[in-house]
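Colleague: First the structure, which I've put down as structure tokens, then a few questions once you've had a look.
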Amino acid sequence: MVAVPATELITTEDQLEDLLSRPSEADVDAARQFAGDLLVLGAGGKMGPSLVRRAARAIRAVGTKARVIAVARFSQATLREELGRDGVSTISADLLDARQVAALPDAPNVIFMAGRKFGSTGDAPLTWAVNTWAPGLVAERFAGSRIVAFSTGNVYPFTPADSGGPTEETAPAPVGEYAQSALARERIFEYFSVRYGTPVTVLRLNYAIDLRYGVLLDIGRKVFERRSVELTMGYVNVIWQADANSSCLRSFALCSSPAKILNLTGPETLAVRWIAGEFGRRFGIDPVFEGAPAPSALLSNAAECRRLLGEPKMKPAEMIDLVAHWIQIGGKTWDKPTHFEARDGKY
């Protein structure tokens, strides 16, 4: 069983959303510098709802009239209603439609979260459109704003497990069309940042952890269900989603032209075997393994991010505690495997 006090465990989605969206004092300080509305584009994904809620709570704490405006297609109808009840304004829009992007309201602060990863192998043109055309439309439309744009650590080459991972100075070497299009997304924002002087921060994130999805859930469920854990991609970095949300809000202060590139992940290089063993210890189950760790993995070194924005608050053991308990109680999951094991760039 999980070795933390029951009062600290999460048993409902409401508790989880509250934890993920609870702003820190540093988040509130960042919100004081917004000087206007915050527009979050592609807010309907895995991270978007908790991020916009966190921003809205931080702005309320400041006491300004600034709005948080979440933009997405909102294919999940209830999400739009839920965000509205939480004080978030919403707009349904397709970011691939130039007219709809042009019609979006002005905002001095823009977060770009839209992206396509899974399904890329089956429909590469759509992946490239979402990851390049939409950023181009947005970067030109909001040339006068500050933009924080999410990217991915997939743009980096595989590196030795004991290397600490690539820094922002490491030359990208993306494997597969998803990673290639993700690098192209970065280049689009970099181009428009220089062309118009737009202050931009690009966040290379891997991997955000929630209880309903993520690398830890993928591994924990396999252990709990007594399925084999593949070890070939033997090492990973993770970061608690609330810590990633906080870093995003505070990274507006780092926006610059040319664009600022920043790795965003936890400081530890975690062995998949160790993670599975920790879940097994909590479950009372001996994990079953398949394969052997390759000498390299897809990693990132976020030392610069920690220097500028501080250490993540949630430690790996705490994340494993929470995820293990969530699995044990049958907590809701989104059935969206990360496929972090893939080494061929096909998703």
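Chain labels A, B, ... are given in the sequence in which chains occur in the structure tokens; within each chain residues are numbered consecutively from 1, and ligands are likewise numbered from 1 in the order shown.
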Can you check which residues of region 93-321 of chain A DSSP gives as strand (DSSP E or B) on the backbone and send them as a PyMOL selection string?
Modeller: chain A and resi 109-112+146-152+159-160+200-205+208-209+228-230+235-236+239-240+256+260-264+270-271+288-290+296-297
Colleague: Go ahead and save the residues from that selection, with C-alpha atoms, as a PDB file, in the first residue's frame.
Modeller:
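This is the output file result_17.pdb:
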```
ATOM      1  CA  ASN A 109      -0.211  37.566 -23.011  1.00  0.00           C
ATOM      2  CA  VAL A 110      -0.618  34.425 -25.121  1.00  0.00           C
ATOM      3  CA  ILE A 111       0.084  30.768 -24.312  1.00  0.00           C
ATOM      4  CA  PHE A 112       0.229  28.423 -27.299  1.00  0.00           C
ATOM      5  CA  ARG A 146       4.220  38.128 -25.327  1.00  0.00           C
ATOM      6  CA  ILE A 147       3.986  34.457 -26.321  1.00  0.00           C
ATOM      7  CA  VAL A 148       4.842  31.344 -24.327  1.00  0.00           C
ATOM      8  CA  ALA A 149       4.770  28.363 -26.701  1.00  0.00           C
ATOM      9  CA  PHE A 150       4.912  24.734 -25.652  1.00  0.00           C
ATOM     10  CA  SER A 151       7.270  22.401 -27.463  1.00  0.00           C
ATOM     11  CA  THR A 152       8.742  19.010 -26.574  1.00  0.00           C
ATOM     12  CA  THR A 159      21.689  10.704 -25.322  1.00  0.00           C
ATOM     13  CA  PRO A 160      23.534   8.409 -22.879  1.00  0.00           C
ATOM     14  CA  VAL A 200       8.732  34.611 -26.967  1.00  0.00           C
ATOM     15  CA  THR A 201       9.581  31.741 -24.642  1.00  0.00           C
ATOM     16  CA  VAL A 202       9.582  28.190 -26.041  1.00  0.00           C
ATOM     17  CA  LEU A 203       9.127  25.474 -23.397  1.00  0.00           C
ATOM     18  CA  ARG A 204      10.516  22.064 -24.334  1.00  0.00           C
ATOM     19  CA  LEU A 205       8.435  19.893 -21.997  1.00  0.00           C
ATOM     20  CA  ALA A 208       4.163  16.138 -17.547  1.00  0.00           C
ATOM     21  CA  ILE A 209       2.515  13.851 -14.957  1.00  0.00           C
ATOM     22  CA  SER A 228       5.312  -6.805 -18.706  1.00  0.00           C
ATOM     23  CA  VAL A 229       7.167  -3.495 -18.544  1.00  0.00           C
ATOM     24  CA  GLU A 230       9.282  -2.808 -21.638  1.00  0.00           C
ATOM     25  CA  TYR A 235      15.242   6.128 -18.613  1.00  0.00           C
ATOM     26  CA  VAL A 236      12.876   9.107 -18.468  1.00  0.00           C
ATOM     27  CA  ILE A 239       7.559  16.681 -13.890  1.00  0.00           C
ATOM     28  CA  TRP A 240       4.345  17.064 -11.903  1.00  0.00           C
ATOM     29  CA  SER A 256      12.637  37.753 -25.384  1.00  0.00           C
ATOM     30  CA  LYS A 260      14.152  32.106 -25.265  1.00  0.00           C
ATOM     31  CA  ILE A 261      14.394  28.290 -25.413  1.00  0.00           C
ATOM     32  CA  LEU A 262      13.923  26.505 -22.093  1.00  0.00           C
ATOM     33  CA  ASN A 263      13.846  22.818 -21.162  1.00  0.00           C
ATOM     34  CA  LEU A 264      11.041  22.016 -18.719  1.00  0.00           C
ATOM     35  CA  LEU A 270      14.645   7.982 -13.570  1.00  0.00           C
ATOM     36  CA  ALA A 271      15.240   4.358 -14.513  1.00  0.00           C
ATOM     37  CA  VAL A 288       7.557  -8.427 -14.928  1.00  0.00           C
ATOM     38  CA  PHE A 289      10.141  -6.970 -17.319  1.00  0.00           C
ATOM     39  CA  GLU A 290      10.780  -7.359 -21.017  1.00  0.00           C
ATOM     40  CA  SER A 296      20.646   5.978 -24.665  1.00  0.00           C
ATOM     41  CA  ALA A 297      17.266   7.557 -24.018  1.00  0.00           C
TER      42      ALA A 297
END
```
Colleague: Mind checking which residues fall within 7 Å of Pro293 (chain A), counting only C-alpha atoms, ignoring those fewer than 4 positions away in the same chain, and posting them as a ChimeraX atom specification?
Modeller: /A:231-234
Colleague: Write to file, as a PDB file, in the first residue's frame, the residues of the selection just made, with N, CA and C atoms.
Modeller:
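Dumped everything to part-v9.pdb:
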```
ATOM      1  N   LEU A 231      11.644  -2.404 -21.201  1.00  0.00           N
ATOM      2  CA  LEU A 231      12.785  -1.679 -20.642  1.00  0.00           C
ATOM      3  C   LEU A 231      13.690  -1.029 -21.679  1.00  0.00           C
ATOM      4  N   THR A 232      13.410  -1.198 -22.976  1.00  0.00           N
ATOM      5  CA  THR A 232      14.355  -0.706 -23.980  1.00  0.00           C
ATOM      6  C   THR A 232      14.585   0.792 -23.842  1.00  0.00           C
ATOM      7  N   MET A 233      13.492   1.579 -23.719  1.00  0.00           N
ATOM      8  CA  MET A 233      13.640   2.999 -23.368  1.00  0.00           C
ATOM      9  C   MET A 233      13.728   3.030 -21.845  1.00  0.00           C
ATOM     10  N   GLY A 234      14.961   2.894 -21.369  1.00  0.00           N
ATOM     11  CA  GLY A 234      15.151   2.566 -19.958  1.00  0.00           C
ATOM     12  C   GLY A 234      15.151   3.722 -18.993  1.00  0.00           C
TER      13      GLY A 234
END
```
Colleague: Would you list the contacts of region 169-182 of chain A as a JSON list (two decimals) with C-alpha atoms, in the first residue's frame, taking every protein, DNA or RNA residue within 8 Å and counting only C-alpha atoms, but skipping same-chain residues closer than 2 positions in sequence?
Modeller:
```json
[["chain", "number", "residue", "atom", "x", "y", "z"],
["A", 116, "ARG", "CA", -0.57, 16.99, -32.53],
["A", 117, "LYS", "CA", 1.49, 13.93, -31.64],
["A", 120, "SER", "CA", 1.06, 11.38, -36.70],
["A", 121, "THR", "CA", 2.16, 8.19, -38.43],
["A", 124, "ALA", "CA", 1.47, 13.20, -41.24],
["A", 127, "THR", "CA", 0.37, 16.77, -37.91],
["A", 128, "TRP", "CA", 2.52, 19.20, -39.89],
["A", 131, "ASN", "CA", 2.36, 21.98, -35.61],
["A", 132, "THR", "CA", 3.45, 24.57, -38.21],
["A", 151, "SER", "CA", 7.27, 22.40, -27.46],
["A", 152, "THR", "CA", 8.74, 19.01, -26.57],
["A", 154, "ASN", "CA", 11.41, 15.05, -28.61],
["A", 155, "VAL", "CA", 13.38, 17.57, -30.68],
["A", 156, "TYR", "CA", 16.59, 16.31, -29.05],
["A", 157, "PRO", "CA", 18.71, 13.31, -30.05],
["A", 166, "PRO", "CA", 20.70, 17.58, -23.56],
["A", 167, "THR", "CA", 20.79, 21.23, -22.58],
["A", 184, "ALA", "CA", 9.46, 23.27, -37.20],
["A", 185, "ARG", "CA", 6.89, 24.75, -34.78],
["A", 186, "GLU", "CA", 9.74, 26.19, -32.73],
["A", 344, "ASP", "CA", 11.50, 5.15, -33.89],
["A", 345, "GLY", "CA", 9.62, 8.44, -33.59],
["A", 346, "LYS", "CA", 6.34, 6.85, -34.70],
["A", 347, "TYR", "CA", 3.29, 7.80, -32.61]]
```
Colleague: Could you pull out the alpha helix (DSSP H) residues of region 45-180 of chain A, going by DSSP on the backbone, and write them as a ChimeraX atom specification?
Modeller: /A:48-62,77-85,98-102,124-128,134-141,176-180
Colleague: Selected residues, C-alpha atoms, written as an mmCIF file, in the first residue's frame, please.
Modeller:
```
data_model
loop_
_atom_site.group_PDB
_atom_site.id
_atom_site.type_symbol
_atom_site.label_atom_id
_atom_site.label_comp_id
_atom_site.auth_asym_id
_atom_site.auth_seq_id
_atom_site.Cartn_x
_atom_site.Cartn_y
_atom_site.Cartn_z
ATOM 1 C CA GLY A 48 -4.837 23.176 -20.613
ATOM 2 C CA PRO A 49 -7.798 23.041 -18.207
ATOM 3 C CA SER A 50 -5.701 23.002 -15.033
ATOM 4 C CA LEU A 51 -3.381 25.677 -16.437
ATOM 5 C CA VAL A 52 -6.186 28.131 -17.225
ATOM 6 C CA ARG A 53 -7.796 27.461 -13.848
ATOM 7 C CA ARG A 54 -4.480 28.135 -12.122
ATOM 8 C CA ALA A 55 -4.058 31.375 -14.050
ATOM 9 C CA ALA A 56 -7.607 32.484 -13.249
ATOM 10 C CA ARG A 57 -7.100 31.808 -9.548
ATOM 11 C CA ALA A 58 -3.810 33.722 -9.567
ATOM 12 C CA ILE A 59 -5.431 36.722 -11.271
ATOM 13 C CA ARG A 60 -8.317 36.687 -8.776
ATOM 14 C CA ALA A 61 -5.773 36.748 -5.966
ATOM 15 C CA VAL A 62 -4.220 39.842 -7.521
ATOM 16 C CA ALA A 77 -18.932 19.997 -24.451
ATOM 17 C CA THR A 78 -18.937 19.812 -20.655
ATOM 18 C CA LEU A 79 -15.411 21.221 -20.389
ATOM 19 C CA ARG A 80 -16.474 24.617 -21.689
ATOM 20 C CA GLU A 81 -19.246 24.784 -19.098
ATOM 21 C CA GLU A 82 -16.919 23.692 -16.306
ATOM 22 C CA LEU A 83 -14.295 26.306 -17.171
ATOM 23 C CA GLY A 84 -17.001 28.969 -17.322
ATOM 24 C CA ARG A 85 -18.077 28.096 -13.782
ATOM 25 C CA ALA A 98 -7.012 31.885 -40.636
ATOM 26 C CA ARG A 99 -10.288 33.780 -40.370
ATOM 27 C CA GLN A 100 -11.043 32.346 -36.946
ATOM 28 C CA VAL A 101 -7.544 33.136 -35.699
ATOM 29 C CA ALA A 102 -7.854 36.695 -37.010
ATOM 30 C CA ALA A 124 1.472 13.202 -41.243
ATOM 31 C CA PRO A 125 0.061 16.147 -43.261
ATOM 32 C CA LEU A 126 -2.409 17.007 -40.486
ATOM 33 C CA THR A 127 0.368 16.770 -37.907
ATOM 34 C CA TRP A 128 2.518 19.200 -39.889
ATOM 35 C CA ALA A 134 -1.348 27.106 -36.823
ATOM 36 C CA PRO A 135 1.759 28.519 -35.074
ATOM 37 C CA GLY A 136 2.426 30.721 -38.102
ATOM 38 C CA LEU A 137 -1.105 32.119 -38.047
ATOM 39 C CA VAL A 138 -0.887 32.732 -34.305
ATOM 40 C CA ALA A 139 2.600 34.244 -34.348
ATOM 41 C CA GLU A 140 1.579 36.769 -37.007
ATOM 42 C CA ARG A 141 -1.803 37.562 -35.425
ATOM 43 C CA GLY A 176 10.345 10.891 -36.881
ATOM 44 C CA GLU A 177 7.835 13.272 -38.416
ATOM 45 C CA TYR A 178 6.169 14.299 -35.155
ATOM 46 C CA ALA A 179 9.465 15.432 -33.650
ATOM 47 C CA GLN A 180 10.490 17.073 -36.922
#
```
Colleague: One decimal, in Å: what's the spacing between CA of Ser163 (chain A) and CA of Met319 (chain A)?
Modeller: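 Separation of CA of Ser163 (chain A) and CA of Met319 (chain A): 23.8 Å.
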Colleague: I need the residue nearest Pro316 (chain A) from this list: A:Ser193, A:Thr198, A:Ser75, A:Asn237. Use only C-alpha atoms for the distance.
Modeller: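 Under the stated criterion, the closest residue is A:Asn237.
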Colleague: Write out as a PyMOL selection string which residues come within 9 Å of Leu216 (chain A) when counting only C-alpha atoms, dropping same-chain ones fewer than 3 positions away.
Modeller: chain A and resi 209-211+213+219-221+238+275-276+319-320+323-324
Colleague: Write the residues of the preceding selection, restricted to N, CA and C atoms, as a short mmCIF file (atom, residue, chain, number, x, y, z; two decimals), in the first residue's frame.
Modeller:
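File out.cif, as written:
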```
data_model
loop_
_atom_site.label_atom_id
_atom_site.label_comp_id
_atom_site.auth_asym_id
_atom_site.auth_seq_id
_atom_site.Cartn_x
_atom_site.Cartn_y
_atom_site.Cartn_z
N ILE A 209 3.16 14.95 -15.66
CA ILE A 209 2.52 13.85 -14.96
C ILE A 209 1.25 14.33 -14.27
N ASP A 210 0.16 13.65 -14.55
CA ASP A 210 -1.13 13.82 -13.90
C ASP A 210 -1.49 12.43 -13.37
N LEU A 211 -2.53 12.29 -12.60
CA LEU A 211 -2.95 10.95 -12.16
C LEU A 211 -3.74 10.23 -13.24
N TYR A 213 -3.13 10.42 -16.63
CA TYR A 213 -2.30 10.10 -17.79
C TYR A 213 -0.84 10.30 -17.40
N ILE A 219 3.38 3.04 -16.57
CA ILE A 219 4.20 1.99 -15.94
C ILE A 219 3.45 1.37 -14.77
N GLY A 220 2.83 2.20 -13.93
CA GLY A 220 2.13 1.69 -12.76
C GLY A 220 1.00 0.74 -13.10
N ARG A 221 0.25 1.06 -14.14
CA ARG A 221 -0.86 0.19 -14.53
C ARG A 221 -0.35 -1.17 -15.02
N VAL A 238 10.49 13.25 -15.70
CA VAL A 238 9.08 13.60 -15.50
C VAL A 238 8.99 14.85 -14.65
N ILE A 275 11.30 2.75 -11.39
CA ILE A 275 9.91 3.19 -11.27
C ILE A 275 8.99 1.99 -11.09
N ALA A 276 9.16 0.98 -11.93
CA ALA A 276 8.32 -0.21 -11.83
C ALA A 276 8.51 -0.90 -10.48
N MET A 319 5.04 11.57 -6.41
CA MET A 319 4.22 11.33 -7.59
C MET A 319 3.83 9.86 -7.67
N ILE A 320 4.77 8.98 -7.40
CA ILE A 320 4.49 7.55 -7.46
C ILE A 320 3.48 7.18 -6.38
N VAL A 323 0.05 8.36 -7.74
CA VAL A 323 -0.40 7.57 -8.89
C VAL A 323 -0.76 6.15 -8.44
N ALA A 324 0.04 5.57 -7.56
CA ALA A 324 -0.23 4.21 -7.08
C ALA A 324 -1.58 4.14 -6.38
#
```
